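Shown next: work-v5.txt, containing compact mmCIF, C-alpha atoms and all ligand atoms.
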```txt
# COMPACT_ATOMS: atom_id res chain seq x y z
CA MET A 1 -19.40 -7.93 46.36
CA SER A 2 -16.56 -9.08 44.07
CA GLY A 3 -14.51 -11.60 46.03
CA SER A 4 -17.47 -13.08 47.90
CA ALA A 5 -18.04 -16.81 47.75
CA VAL A 6 -20.34 -18.32 45.15
CA ALA A 7 -21.25 -22.02 44.90
CA VAL A 8 -22.11 -23.89 41.72
CA VAL A 9 -23.87 -27.25 42.13
CA GLY A 10 -23.85 -29.50 39.06
CA ALA A 11 -20.77 -29.23 36.88
CA GLY A 12 -22.00 -30.04 33.38
CA SER A 13 -22.09 -27.56 30.50
CA ILE A 14 -23.89 -24.81 32.38
CA GLY A 15 -22.23 -25.34 35.76
CA VAL A 16 -18.73 -24.99 34.32
CA ALA A 17 -19.85 -21.95 32.32
CA TRP A 18 -21.35 -20.24 35.40
CA ALA A 19 -18.12 -20.95 37.30
CA VAL A 20 -16.26 -19.05 34.55
CA VAL A 21 -18.72 -16.12 34.78
CA PHE A 22 -18.47 -15.77 38.56
CA ALA A 23 -14.70 -16.31 38.69
CA ARG A 24 -14.24 -13.77 35.88
CA ALA A 25 -16.11 -11.29 38.11
CA GLY A 26 -13.61 -11.92 40.93
CA HIS A 27 -15.70 -14.28 43.08
CA GLN A 28 -14.25 -17.28 44.87
CA VAL A 29 -16.18 -20.11 43.24
CA ARG A 30 -16.69 -23.56 44.70
CA VAL A 31 -18.11 -26.26 42.49
CA HIS A 32 -19.73 -29.58 43.37
CA ASP A 33 -21.08 -32.44 41.26
CA VAL A 34 -22.34 -35.85 42.42
CA ASP A 35 -20.24 -37.46 39.70
CA ALA A 36 -16.56 -37.74 40.70
CA ALA A 37 -15.49 -38.01 37.06
CA ARG A 38 -17.21 -34.68 36.30
CA ARG A 39 -15.58 -33.08 39.35
CA ASP A 40 -12.15 -34.14 38.11
CA LEU A 41 -12.75 -32.49 34.74
CA VAL A 42 -13.80 -29.09 36.10
CA PRO A 43 -10.36 -27.43 36.58
CA ARG A 44 -9.25 -28.34 33.07
CA GLU A 45 -12.51 -27.25 31.47
CA VAL A 46 -12.52 -23.92 33.32
CA ARG A 47 -8.92 -23.29 32.26
CA GLU A 48 -9.66 -24.19 28.63
CA ARG A 49 -12.62 -21.79 28.51
CA ALA A 50 -10.56 -19.04 30.17
CA ASP A 51 -7.69 -19.56 27.69
CA GLU A 52 -10.13 -19.36 24.76
CA LEU A 53 -11.61 -16.12 26.11
CA ALA A 54 -8.10 -14.68 26.51
CA ALA A 55 -7.11 -15.80 23.00
CA HIS A 56 -10.09 -13.82 21.67
CA GLY A 57 -9.18 -10.71 23.65
CA LEU A 58 -12.10 -11.16 26.05
CA LEU A 59 -10.13 -11.87 29.23
CA ALA A 60 -6.86 -10.48 30.58
CA ASP A 61 -5.70 -13.15 33.01
CA PRO A 62 -6.93 -16.73 32.50
CA GLU A 63 -4.65 -18.10 35.20
CA ALA A 64 -6.13 -15.76 37.82
CA LEU A 65 -9.66 -16.75 36.77
CA ALA A 66 -8.87 -20.46 37.00
CA SER A 67 -7.20 -20.03 40.41
CA ARG A 68 -10.49 -18.71 41.83
CA VAL A 69 -12.35 -21.95 41.06
CA GLU A 70 -12.17 -24.79 43.56
CA VAL A 71 -13.88 -28.17 43.38
CA GLY A 72 -15.29 -29.95 46.42
CA ASP A 73 -16.72 -33.41 46.98
CA ASP A 74 -18.76 -32.40 50.05
CA LEU A 75 -21.90 -30.46 49.13
CA ALA A 76 -22.33 -28.82 52.55
CA GLU A 77 -18.71 -27.60 52.58
CA VAL A 78 -18.99 -26.23 49.06
CA VAL A 79 -22.24 -24.40 49.73
CA GLY A 80 -21.68 -23.30 53.36
CA PRO A 81 -19.77 -20.00 52.83
CA ALA A 82 -21.62 -18.96 49.64
CA VAL A 83 -23.72 -15.78 49.35
CA HIS A 84 -25.18 -17.17 46.12
CA VAL A 85 -25.75 -20.80 45.14
CA GLN A 86 -26.28 -21.50 41.43
CA GLU A 87 -27.90 -24.91 40.89
CA CYS A 88 -27.03 -26.46 37.51
CA VAL A 89 -28.19 -30.08 37.74
CA VAL A 90 -30.21 -32.04 35.21
CA GLU A 91 -33.60 -30.55 34.15
CA SER A 92 -35.71 -32.87 36.33
CA GLU A 93 -38.33 -31.67 38.78
CA GLU A 94 -37.60 -34.57 41.18
CA VAL A 95 -33.83 -34.08 41.16
CA LYS A 96 -34.16 -30.33 41.67
CA ARG A 97 -36.77 -30.78 44.45
CA GLU A 98 -34.50 -33.16 46.36
CA LEU A 99 -31.45 -30.97 45.90
CA PHE A 100 -33.19 -27.74 46.89
CA ALA A 101 -34.37 -29.40 50.12
CA VAL A 102 -30.74 -30.19 50.96
CA LEU A 103 -29.47 -26.77 49.83
CA ASP A 104 -32.05 -25.05 52.03
CA ARG A 105 -30.67 -26.97 55.02
CA VAL A 106 -26.92 -26.60 54.37
CA ALA A 107 -26.63 -23.13 52.81
CA SER A 108 -26.22 -20.01 54.92
CA PRO A 109 -29.68 -18.68 55.83
CA THR A 110 -28.91 -15.47 53.94
CA ALA A 111 -27.68 -17.15 50.74
CA VAL A 112 -29.77 -16.91 47.59
CA LEU A 113 -30.62 -20.29 46.01
CA ALA A 114 -30.84 -19.87 42.23
CA SER A 115 -31.79 -22.56 39.73
CA SER A 116 -30.49 -22.53 36.14
CA SER A 117 -33.68 -24.33 35.05
CA SER A 118 -34.44 -23.74 31.36
CA MET A 119 -38.17 -24.30 31.52
CA MET A 120 -39.43 -24.98 35.06
CA PRO A 121 -40.47 -22.20 37.42
CA VAL A 122 -38.98 -22.52 40.91
CA SER A 123 -42.44 -22.93 42.48
CA ARG A 124 -42.54 -26.41 40.90
CA PHE A 125 -39.76 -27.67 43.18
CA ALA A 126 -39.12 -25.23 46.06
CA ALA A 127 -42.63 -24.20 47.20
CA ASP A 128 -42.61 -26.32 50.37
CA LEU A 129 -39.25 -25.23 51.73
CA PRO A 130 -38.88 -23.19 54.92
CA GLY A 131 -36.45 -20.94 53.03
CA ARG A 132 -38.47 -20.63 49.84
CA ASP A 133 -38.35 -16.83 49.98
CA ARG A 134 -34.68 -16.93 48.89
CA CYS A 135 -35.31 -19.26 45.93
CA LEU A 136 -35.71 -18.18 42.29
CA VAL A 137 -34.70 -19.16 38.78
CA VAL A 138 -31.68 -17.50 37.16
CA HIS A 139 -31.76 -18.92 33.65
CA PRO A 140 -28.74 -18.20 31.43
CA GLY A 141 -28.21 -18.47 27.71
CA ASN A 142 -25.60 -21.06 26.75
CA PRO A 143 -22.77 -20.25 27.27
CA PRO A 144 -23.34 -17.47 29.82
CA TYR A 145 -19.73 -16.22 29.58
CA LEU A 146 -20.57 -15.14 26.00
CA LEU A 147 -24.34 -14.47 26.18
CA PRO A 148 -24.88 -11.92 28.95
CA VAL A 149 -28.65 -12.25 29.27
CA ALA A 150 -29.90 -13.97 32.43
CA GLU A 151 -33.60 -14.37 33.20
CA LEU A 152 -34.55 -13.73 36.81
CA VAL A 153 -37.79 -15.56 37.50
CA PRO A 154 -39.04 -15.17 41.06
CA ALA A 155 -42.04 -17.14 42.34
CA GLU A 156 -44.83 -15.33 44.18
CA PHE A 157 -43.11 -16.40 47.41
CA THR A 158 -39.62 -15.09 46.47
CA SER A 159 -38.62 -12.03 48.49
CA ALA A 160 -37.89 -8.70 46.80
CA ASP A 161 -34.58 -8.71 48.67
CA ALA A 162 -33.45 -12.00 47.07
CA VAL A 163 -34.36 -10.64 43.62
CA GLU A 164 -32.56 -7.34 44.23
CA ARG A 165 -29.40 -9.00 45.53
CA THR A 166 -29.31 -11.41 42.61
CA HIS A 167 -29.87 -8.61 40.14
CA ALA A 168 -26.98 -6.63 41.65
CA LEU A 169 -24.67 -9.67 41.72
CA LEU A 170 -25.34 -10.43 38.04
CA LEU A 171 -24.96 -6.81 36.91
CA ALA A 172 -21.64 -6.60 38.73
CA ALA A 173 -20.60 -9.83 36.97
CA GLY A 174 -21.14 -8.19 33.55
CA MET A 175 -24.42 -9.96 32.89
CA ALA A 176 -27.62 -8.39 31.51
CA PRO A 177 -30.32 -9.56 33.92
CA VAL A 178 -33.92 -9.47 32.73
CA ARG A 179 -36.82 -9.74 35.12
CA VAL A 180 -39.68 -12.11 34.22
CA GLU A 181 -42.73 -10.70 36.02
CA ARG A 182 -44.80 -13.87 36.15
CA GLU A 183 -43.85 -17.54 36.28
CA VAL A 184 -44.50 -19.13 32.87
CA GLU A 185 -42.99 -22.34 31.54
CA GLY A 186 -39.96 -21.60 29.31
CA PHE A 187 -39.70 -17.98 30.55
CA LEU A 188 -38.87 -15.49 27.72
CA PHE A 189 -35.80 -17.05 26.13
CA ASN A 190 -37.24 -20.49 25.45
CA ARG A 191 -40.72 -19.21 24.59
CA LEU A 192 -39.22 -17.03 21.86
CA GLN A 193 -36.85 -19.79 20.80
CA GLY A 194 -39.75 -22.27 20.86
CA ALA A 195 -41.93 -20.11 18.59
CA LEU A 196 -39.16 -20.08 16.01
CA LEU A 197 -38.35 -23.79 16.40
CA ARG A 198 -42.00 -24.79 16.00
CA GLU A 199 -42.21 -22.87 12.71
CA ALA A 200 -38.80 -24.20 11.58
CA TYR A 201 -39.93 -27.81 12.11
CA ARG A 202 -43.21 -27.09 10.29
CA LEU A 203 -41.38 -25.60 7.28
CA VAL A 204 -39.16 -28.68 6.97
CA ARG A 205 -42.09 -31.07 7.53
CA ASP A 206 -44.12 -29.37 4.81
CA GLY A 207 -41.26 -29.47 2.32
CA VAL A 208 -40.93 -25.67 2.12
CA ALA A 209 -37.14 -25.74 2.66
CA SER A 210 -34.30 -27.92 3.91
CA ALA A 211 -33.20 -27.77 7.55
CA THR A 212 -29.86 -26.26 6.55
CA ASP A 213 -31.56 -23.49 4.56
CA VAL A 214 -33.87 -22.73 7.49
CA ASP A 215 -30.78 -22.44 9.70
CA ARG A 216 -29.09 -20.26 7.06
CA VAL A 217 -31.99 -17.78 7.07
CA VAL A 218 -31.36 -17.30 10.79
CA SER A 219 -27.54 -17.34 10.85
CA GLN A 220 -27.14 -15.14 7.75
CA GLY A 221 -30.19 -12.96 8.25
CA LEU A 222 -32.46 -12.77 11.26
CA GLY A 223 -29.74 -13.72 13.73
CA ARG A 224 -27.30 -11.09 12.51
CA ARG A 225 -29.96 -8.43 13.00
CA TRP A 226 -30.94 -9.85 16.37
CA ALA A 227 -27.33 -9.51 17.52
CA VAL A 228 -28.00 -5.77 17.75
CA LEU A 229 -31.80 -5.36 17.93
CA GLY A 230 -34.79 -7.31 19.22
CA PRO A 231 -37.83 -8.11 17.04
CA PHE A 232 -39.81 -5.04 18.15
CA ALA A 233 -36.93 -2.63 17.51
CA THR A 234 -36.37 -4.36 14.16
CA ALA A 235 -40.01 -3.89 13.11
CA ASP A 236 -39.84 -0.24 14.19
CA LEU A 237 -36.78 0.50 12.04
CA ASN A 238 -37.77 -1.65 9.05
CA THR A 239 -40.87 0.37 8.24
CA ARG A 240 -41.16 4.10 7.52
CA GLY A 241 -43.73 5.15 10.10
CA GLY A 242 -42.32 2.79 12.71
CA LEU A 243 -43.79 -0.04 14.71
CA THR A 244 -47.42 1.13 14.47
CA ARG A 245 -47.25 1.33 10.68
CA HIS A 246 -45.48 -2.04 10.58
CA ALA A 247 -48.36 -3.62 12.53
CA GLU A 248 -50.90 -2.08 10.12
CA LEU A 249 -49.03 -3.17 7.00
CA MET A 250 -47.74 -6.58 8.06
CA GLY A 251 -50.09 -7.57 10.91
CA PRO A 252 -52.79 -9.11 8.65
CA ALA A 253 -50.22 -11.35 6.88
CA TYR A 254 -48.73 -12.49 10.22
CA LEU A 255 -52.27 -13.18 11.46
CA ARG A 256 -52.99 -15.35 8.40
CA MET A 257 -49.70 -17.27 8.84
CA GLY A 258 -50.58 -18.06 12.46
CA ALA A 259 -54.16 -19.00 11.56
CA GLU A 260 -52.82 -21.59 9.06
CA HIS A 261 -51.97 -23.73 12.09
CA GLY A 262 -54.75 -22.64 14.41
CA GLU A 263 -52.90 -19.87 16.23
CA VAL A 264 -55.11 -16.82 15.92
CA GLU A 265 -53.17 -13.99 17.57
CA GLU A 266 -54.39 -10.51 16.74
CA TRP A 267 -52.30 -7.45 17.58
CA PRO A 268 -54.97 -5.02 18.82
CA ALA A 269 -54.17 -1.29 18.52
CA GLU A 270 -53.83 -0.83 22.30
CA LEU A 271 -51.27 -3.66 22.50
CA VAL A 272 -49.26 -2.20 19.61
CA ALA A 273 -49.43 1.22 21.31
CA ARG A 274 -48.14 -0.29 24.57
CA VAL A 275 -45.21 -1.92 22.79
CA ALA A 276 -44.47 1.31 20.89
CA ASP A 277 -44.49 3.37 24.11
CA ASP A 278 -42.12 0.96 25.81
CA LEU A 279 -39.82 0.81 22.81
CA HIS A 280 -39.80 4.53 22.14
CA ALA A 281 -38.50 5.23 25.62
CA GLU A 282 -35.19 3.86 24.24
CA GLN A 283 -35.53 4.39 20.46
CA HIS A 284 -37.21 7.78 19.84
CA PRO A 285 -39.46 7.91 16.71
CA ASP A 286 -38.38 11.50 15.87
CA GLU A 287 -34.87 10.14 15.37
CA TRP A 288 -35.94 7.29 13.08
CA ALA A 289 -33.39 7.99 10.31
CA ALA A 290 -30.56 8.36 12.84
CA ASN A 291 -31.65 5.13 14.54
CA VAL A 292 -31.61 3.31 11.18
CA LEU A 293 -28.08 4.58 10.63
CA SER A 294 -27.01 3.39 14.12
CA ARG A 295 -28.50 -0.02 13.34
CA ASP A 296 -26.55 -0.20 10.09
CA ARG A 297 -23.33 0.80 11.81
CA ALA A 298 -23.89 -1.85 14.49
CA LEU A 299 -24.53 -4.43 11.73
CA MET A 300 -21.29 -3.36 10.03
CA ARG A 301 -19.42 -4.10 13.25
CA VAL A 302 -21.15 -7.50 13.44
CA ALA A 303 -20.29 -8.18 9.77
CA GLY A 304 -16.66 -7.26 10.48
CA ALA A 305 -16.55 -9.57 13.48
CA VAL A 306 -18.24 -12.48 11.70
CA THR A 307 -16.10 -12.29 8.57
CA GLY A 308 -12.97 -10.91 10.29
N1 LIG N 401 -27.42 -26.77 28.13
C1 LIG N 401 -28.07 -25.62 27.92
O1 LIG N 401 -28.12 -25.10 26.80
C2 LIG N 401 -28.73 -24.93 29.07
C3 LIG N 401 -28.96 -23.54 28.98
C4 LIG N 401 -29.54 -22.88 30.08
C5 LIG N 401 -29.92 -23.61 31.21
N2 LIG N 401 -29.72 -24.96 31.24
C6 LIG N 401 -30.16 -25.68 32.44
O2 LIG N 401 -29.03 -25.89 33.27
C7 LIG N 401 -29.19 -27.13 34.00
C8 LIG N 401 -27.99 -28.03 33.71
O3 LIG N 401 -27.96 -28.31 32.33
P1 LIG N 401 -26.62 -28.85 31.61
O4 LIG N 401 -26.87 -28.72 30.14
O5 LIG N 401 -25.43 -28.20 32.21
O6 LIG N 401 -26.69 -30.41 32.03
P2 LIG N 401 -25.50 -31.46 32.07
O7 LIG N 401 -26.13 -32.78 31.88
O8 LIG N 401 -24.39 -31.05 31.17
O9 LIG N 401 -24.96 -31.35 33.58
C9 LIG N 401 -25.73 -31.68 34.70
C10 LIG N 401 -24.77 -32.09 35.80
O10 LIG N 401 -25.48 -32.18 37.04
C11 LIG N 401 -24.90 -33.25 37.78
N3 LIG N 401 -25.86 -33.65 38.82
C12 LIG N 401 -27.01 -34.36 38.66
N4 LIG N 401 -27.64 -34.47 39.86
C13 LIG N 401 -26.87 -33.81 40.77
C14 LIG N 401 -27.00 -33.54 42.16
N5 LIG N 401 -28.07 -33.98 42.86
N6 LIG N 401 -26.04 -32.84 42.79
C15 LIG N 401 -24.97 -32.38 42.09
N7 LIG N 401 -24.79 -32.60 40.77
C16 LIG N 401 -25.74 -33.29 40.11
C17 LIG N 401 -24.60 -34.31 36.74
O11 LIG N 401 -23.63 -35.24 37.21
C18 LIG N 401 -24.10 -33.45 35.58
O12 LIG N 401 -22.69 -33.29 35.60
C19 LIG N 401 -30.53 -27.71 33.54
O13 LIG N 401 -31.56 -27.31 34.41
C20 LIG N 401 -30.72 -27.07 32.17
O14 LIG N 401 -32.06 -27.00 31.76
C21 LIG N 401 -29.11 -25.63 30.21
```

Would you mind writing the file out in structure tokens?
Ligand SMILES: NC(=O)c1ccc[n+]([C@@H]2O[C@H](COP(=O)([O-])OP(=O)(O)OC[C@H]3O[C@@H](n4cnc5c(N)ncnc54)[C@H](O)[C@@H]3O)[C@@H](O)[C@H]2O)c1
Amino acid sequence: MSGSAVAVVGAGSIGVAWAVVFARAGHQVRVHDVDAARRDLVPREVRERADELAAHGLLADPEALASRVEVGDDLAEVVGPAVHVQECVVESEEVKRELFAVLDRVASPTAVLASSSSMMPVSRFAADLPGRDRCLVVHPGNPPYLLPVAELVPAEFTSADAVERTHALLLAAGMAPVRVEREVEGFLFNRLQGALLREAYRLVRDGVASATDVDRVVSQGLGRRWAVLGPFATADLNTRGGLTRHAELMGPAYLRMGAEHGEVEEWPAELVARVADDLHAEQHPDEWAANVLSRDRALMRVAGAVTG
């Protein structure tokens, strides 16, 4: 798979970053943008990112990476040989709809057409295409060469084969693909981010804290923990008795906080049990103390990296 051709369409922040990811994995990457000025900047930006990665010990050969990225002014030529097309144009339903119609005509019939869309499910702009079964969203974090997570969001019409091939391509490229089972606006990443942002804005609006102190709580606290554990795993390890006990002890307060702004979200026992079952497949409750120690050791490595 490494060495196969990948096309990136739209060469802004995310397009350039995806080019780095795929070239780092050994793919031949062709990049297109409608804007000639953007196209001209791509080689330099790719090289700069590759040099930075190398300077931080995260890449062995920046020159080799950069040599695998080519820029083209003809969309059909750029896309033609690709096994995977990663669309990275502006977050507009109209622009994506128009572009996907062209991509479906000019790409190889076996190529996967993936959108980097942050919020919009692919069914919003590819549902009428003859080749819709090879279309899906592959939403990255920014920048994807440093944040491995990538959300795979198929529509009901996306084939299992397109999902499987994309999953394999991303895994082989060192990414951590996550499958979103149902199309929802914002997927997982931006729904979680949105929940936090909504509360952050409310806290500033209501004079509870300054914006910089809200940011500090995340960068010096929650975010450090979230570098090694998600919110469920955190709750499980923060409370003796684990996630179920956490929900009993803290659930009522979280319910009241949501209800303050009309969001009444109970955590019924069967939902908590489902989360606990899922979580404990990876983080066994009998090893709670050992898991707490592993968390602390992981946080020590993060602390060393952040202050080092
Ligand atoms: N910036 C982020 O944090 C982030 C994170 C994840 C996903 N995304 C998503 O990635 C996509 C791109 O976002 P961005 O931040 O890189 O935007 P950007 O504005 O930096 O880049 C978009 C590029 O697309 C080009 N473009 C527009 N129409 C085109 C077309 N028809 N054909 C070819 N090129 C075209 C523009 O010239 C521009 O260079 C959006 O869907 C966005 O939601 C962004």

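Of the listed residues A:Asp73, A:Glu164, A:Asp35, A:Glu156, the one whose atoms come nearest to Ser123 of chain A is A:Glu156, with distances taken using all atoms listed in the file.
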
Give me, as a Markdown table, the closest atom pair and its distance (Å, one decimal) for every residue of chain A within a cut-off of 8 Å of ligand LIG 401 (chain N), counting all atoms listed in the file, rows sorted by chain and rising number.
```
| residue | atom | partner | partner_atom | distance |
| --- | --- | --- | --- | --- |
| A:Val9 | CA | N:LIG401 | C15 | 5.2 |
| A:Gly10 | CA | N:LIG401 | N7 | 3.7 |
| A:Ala11 | CA | N:LIG401 | O12 | 4.7 |
| A:Gly12 | CA | N:LIG401 | O9 | 3.2 |
| A:Ser13 | CA | N:LIG401 | O5 | 3.8 |
| A:Ile14 | CA | N:LIG401 | O5 | 3.7 |
| A:Gly15 | CA | N:LIG401 | O5 | 5.6 |
| A:Val16 | CA | N:LIG401 | O5 | 7.7 |
| A:His32 | CA | N:LIG401 | C15 | 6.1 |
| A:Asp33 | CA | N:LIG401 | N7 | 3.7 |
| A:Val34 | CA | N:LIG401 | C15 | 4.4 |
| A:Asp35 | CA | N:LIG401 | O11 | 4.8 |
| A:Arg38 | CA | N:LIG401 | O12 | 5.7 |
| A:Leu75 | CA | N:LIG401 | C15 | 7.9 |
| A:Glu87 | CA | N:LIG401 | C7 | 7.4 |
| A:Cys88 | CA | N:LIG401 | C7 | 4.2 |
| A:Val89 | CA | N:LIG401 | O10 | 3.5 |
| A:Val90 | CA | N:LIG401 | C9 | 4.5 |
| A:Glu91 | CA | N:LIG401 | O13 | 3.8 |
| A:Ser92 | CA | N:LIG401 | O13 | 7.2 |
| A:Val95 | CA | N:LIG401 | N5 | 6.0 |
| A:Lys96 | CA | N:LIG401 | N5 | 7.2 |
| A:Glu98 | CA | N:LIG401 | N5 | 7.4 |
| A:Leu99 | CA | N:LIG401 | N5 | 5.5 |
| A:Ser115 | CA | N:LIG401 | O13 | 7.1 |
| A:Ser116 | CA | N:LIG401 | O2 | 4.7 |
| A:Ser117 | CA | N:LIG401 | O13 | 3.7 |
| A:Ser118 | CA | N:LIG401 | O14 | 4.1 |
| A:Met119 | CA | N:LIG401 | O14 | 6.7 |
| A:His139 | CA | N:LIG401 | C5 | 5.6 |
| A:Pro140 | CA | N:LIG401 | C4 | 4.9 |
| A:Gly141 | CA | N:LIG401 | C4 | 5.2 |
| A:Asn142 | CA | N:LIG401 | C3 | 4.7 |
| A:Pro143 | CA | N:LIG401 | C3 | 7.2 |
```

Take the residues from that selection and write them out as a PDB file, keeping the file's coordinate frame, keeping C-alpha atoms.
```
ATOM      1  CA  VAL A   9     -23.870 -27.250  42.130  1.00  0.00           C
ATOM      2  CA  GLY A  10     -23.850 -29.500  39.060  1.00  0.00           C
ATOM      3  CA  ALA A  11     -20.770 -29.230  36.880  1.00  0.00           C
ATOM      4  CA  GLY A  12     -22.000 -30.040  33.380  1.00  0.00           C
ATOM      5  CA  SER A  13     -22.090 -27.560  30.500  1.00  0.00           C
ATOM      6  CA  ILE A  14     -23.890 -24.810  32.380  1.00  0.00           C
ATOM      7  CA  GLY A  15     -22.230 -25.340  35.760  1.00  0.00           C
ATOM      8  CA  VAL A  16     -18.730 -24.990  34.320  1.00  0.00           C
ATOM      9  CA  HIS A  32     -19.730 -29.580  43.370  1.00  0.00           C
ATOM     10  CA  ASP A  33     -21.080 -32.440  41.260  1.00  0.00           C
ATOM     11  CA  VAL A  34     -22.340 -35.850  42.420  1.00  0.00           C
ATOM     12  CA  ASP A  35     -20.240 -37.460  39.700  1.00  0.00           C
ATOM     13  CA  ARG A  38     -17.210 -34.680  36.300  1.00  0.00           C
ATOM     14  CA  LEU A  75     -21.900 -30.460  49.130  1.00  0.00           C
ATOM     15  CA  GLU A  87     -27.900 -24.910  40.890  1.00  0.00           C
ATOM     16  CA  CYS A  88     -27.030 -26.460  37.510  1.00  0.00           C
ATOM     17  CA  VAL A  89     -28.190 -30.080  37.740  1.00  0.00           C
ATOM     18  CA  VAL A  90     -30.210 -32.040  35.210  1.00  0.00           C
ATOM     19  CA  GLU A  91     -33.600 -30.550  34.150  1.00  0.00           C
ATOM     20  CA  SER A  92     -35.710 -32.870  36.330  1.00  0.00           C
ATOM     21  CA  VAL A  95     -33.830 -34.080  41.160  1.00  0.00           C
ATOM     22  CA  LYS A  96     -34.160 -30.330  41.670  1.00  0.00           C
ATOM     23  CA  GLU A  98     -34.500 -33.160  46.360  1.00  0.00           C
ATOM     24  CA  LEU A  99     -31.450 -30.970  45.900  1.00  0.00           C
ATOM     25  CA  SER A 115     -31.790 -22.560  39.730  1.00  0.00           C
ATOM     26  CA  SER A 116     -30.490 -22.530  36.140  1.00  0.00           C
ATOM     27  CA  SER A 117     -33.680 -24.330  35.050  1.00  0.00           C
ATOM     28  CA  SER A 118     -34.440 -23.740  31.360  1.00  0.00           C
ATOM     29  CA  MET A 119     -38.170 -24.300  31.520  1.00  0.00           C
ATOM     30  CA  HIS A 139     -31.760 -18.920  33.650  1.00  0.00           C
ATOM     31  CA  PRO A 140     -28.740 -18.200  31.430  1.00  0.00           C
ATOM     32  CA  GLY A 141     -28.210 -18.470  27.710  1.00  0.00           C
ATOM     33  CA  ASN A 142     -25.600 -21.060  26.750  1.00  0.00           C
ATOM     34  CA  PRO A 143     -22.770 -20.250  27.270  1.00  0.00           C
TER      35      PRO A 143
END
```

With the cut-off set at 7 Å and counting all atoms listed in the file, tabulate each residue of segment 3-39 of chain A with an atom at most that distance from an atom of segment 61-72 of chain A, showing the nearest atom pair and its distance in Å to one decimal, ordered by chain and increasing number, as a Markdown table.
```
| residue | atom | partner | partner_atom | distance |
| --- | --- | --- | --- | --- |
| A:Ala19 | CA | A:Val69 | CA | 7.0 |
| A:Ala23 | CA | A:Leu65 | CA | 5.4 |
| A:Arg24 | CA | A:Leu65 | CA | 5.5 |
| A:His27 | CA | A:Arg68 | CA | 7.0 |
| A:Gln28 | CA | A:Arg68 | CA | 5.0 |
| A:Val29 | CA | A:Val69 | CA | 4.8 |
| A:Arg30 | CA | A:Glu70 | CA | 4.8 |
| A:Val31 | CA | A:Val71 | CA | 4.7 |
| A:His32 | CA | A:Gly72 | CA | 5.4 |
| A:Arg39 | CA | A:Val71 | CA | 6.6 |
```

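In terms of minimum interatomic distance to Met257 of chain A, A:Leu203 ranks closest within A:Val275, A:Val292, A:Leu203, A:Ala281, counting only C-alpha atoms.
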
**Item:** Å distance separating atom CA of Ala111 of chain A from atom CA of Phe189 of chain A, one decimal place
**Value:** 25.9 Å

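Using only C-alpha atoms, the shortest contact distance between Ala101 of chain A and any of A:Ala162, A:Ala25, A:Leu53, A:Cys135 is found at A:Cys135.
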
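Using only C-alpha atoms, the smallest distance between any of A:Arg256, A:Arg97, A:Arg165, A:Ala160 and Leu129 of chain A comes from A:Arg97.
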
**Asked** For Asp236 of chain A, which residue out of A:Ala276, A:Val102, A:Leu249, A:Leu169 is the nearest one, using only C-alpha atoms?
**Response** A:Ala276

**Message:** Counting only C-alpha atoms, which residues have an atom no more than 12 Å from (-50.6, -5.0, 19.1) in the file's coordinates? Please list them as JSON, numbers by chain.
**Reply:** {"A": [232, 243, 244, 245, 246, 247, 248, 250, 251, 252, 254, 255, 265, 266, 267, 268, 269, 270, 271, 272, 273, 274, 275, 276, 277]}

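Nearest residue to Ser108 of chain A, choosing from A:Glu183, A:Glu48, A:Glu77, A:Asp161 and counting all atoms listed in the file: A:Glu77.
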
**Prompt:** Could you work out how far atom CA of Ala168 of chain A lies from atom CA of Ser4 of chain A, giving the answer in Å with one decimal?
**Reply:** 13.1 Å

So that all listed atoms of segment 26-41 of chain A fit with 4 Å spare on each side, what axis-aligned box centre and edge lengths in Å, to one decimal, would you give as lines of an AutoDock Vina configuration file?
```
center_x = -17.2
center_y = -25.0
center_z = 39.8
size_x = 18.2
size_y = 34.1
size_z = 18.1
```

**Fill in**
The distance between atom CA of Asp296 of chain A and atom CA of Leu279 of chain A is 18.4 Å

Once N, CA, C and O atoms are restored for segment 103-108 of chain A, what would the output be as an mmCIF file, in the frame of the given file?
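Just written: part_18.cif:
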```cif
data_model
loop_
_atom_site.group_PDB
_atom_site.id
_atom_site.type_symbol
_atom_site.label_atom_id
_atom_site.label_comp_id
_atom_site.auth_asym_id
_atom_site.auth_seq_id
_atom_site.Cartn_x
_atom_site.Cartn_y
_atom_site.Cartn_z
ATOM 1 N N LEU A 103 -30.121 -28.099 49.874
ATOM 2 C CA LEU A 103 -29.470 -26.770 49.830
ATOM 3 C C LEU A 103 -30.071 -25.852 50.895
ATOM 4 O O LEU A 103 -29.358 -25.097 51.556
ATOM 5 N N ASP A 104 -31.382 -25.927 51.059
ATOM 6 C CA ASP A 104 -32.050 -25.050 52.030
ATOM 7 C C ASP A 104 -31.581 -25.347 53.461
ATOM 8 O O ASP A 104 -31.597 -24.476 54.326
ATOM 9 N N ARG A 105 -31.159 -26.608 53.676
ATOM 10 C CA ARG A 105 -30.670 -26.970 55.020
ATOM 11 C C ARG A 105 -29.202 -26.573 55.202
ATOM 12 O O ARG A 105 -28.809 -26.108 56.265
ATOM 13 N N VAL A 106 -28.376 -26.752 54.159
ATOM 14 C CA VAL A 106 -26.920 -26.600 54.370
ATOM 15 C C VAL A 106 -26.390 -25.224 53.992
ATOM 16 O O VAL A 106 -25.290 -24.853 54.427
ATOM 17 N N ALA A 107 -27.131 -24.453 53.207
ATOM 18 C CA ALA A 107 -26.630 -23.130 52.810
ATOM 19 C C ALA A 107 -26.805 -22.151 53.966
ATOM 20 O O ALA A 107 -27.645 -22.360 54.847
ATOM 21 N N SER A 108 -26.033 -21.084 53.935
ATOM 22 C CA SER A 108 -26.220 -20.010 54.920
ATOM 23 C C SER A 108 -27.644 -19.483 54.790
ATOM 24 O O SER A 108 -28.160 -19.376 53.671
#
```
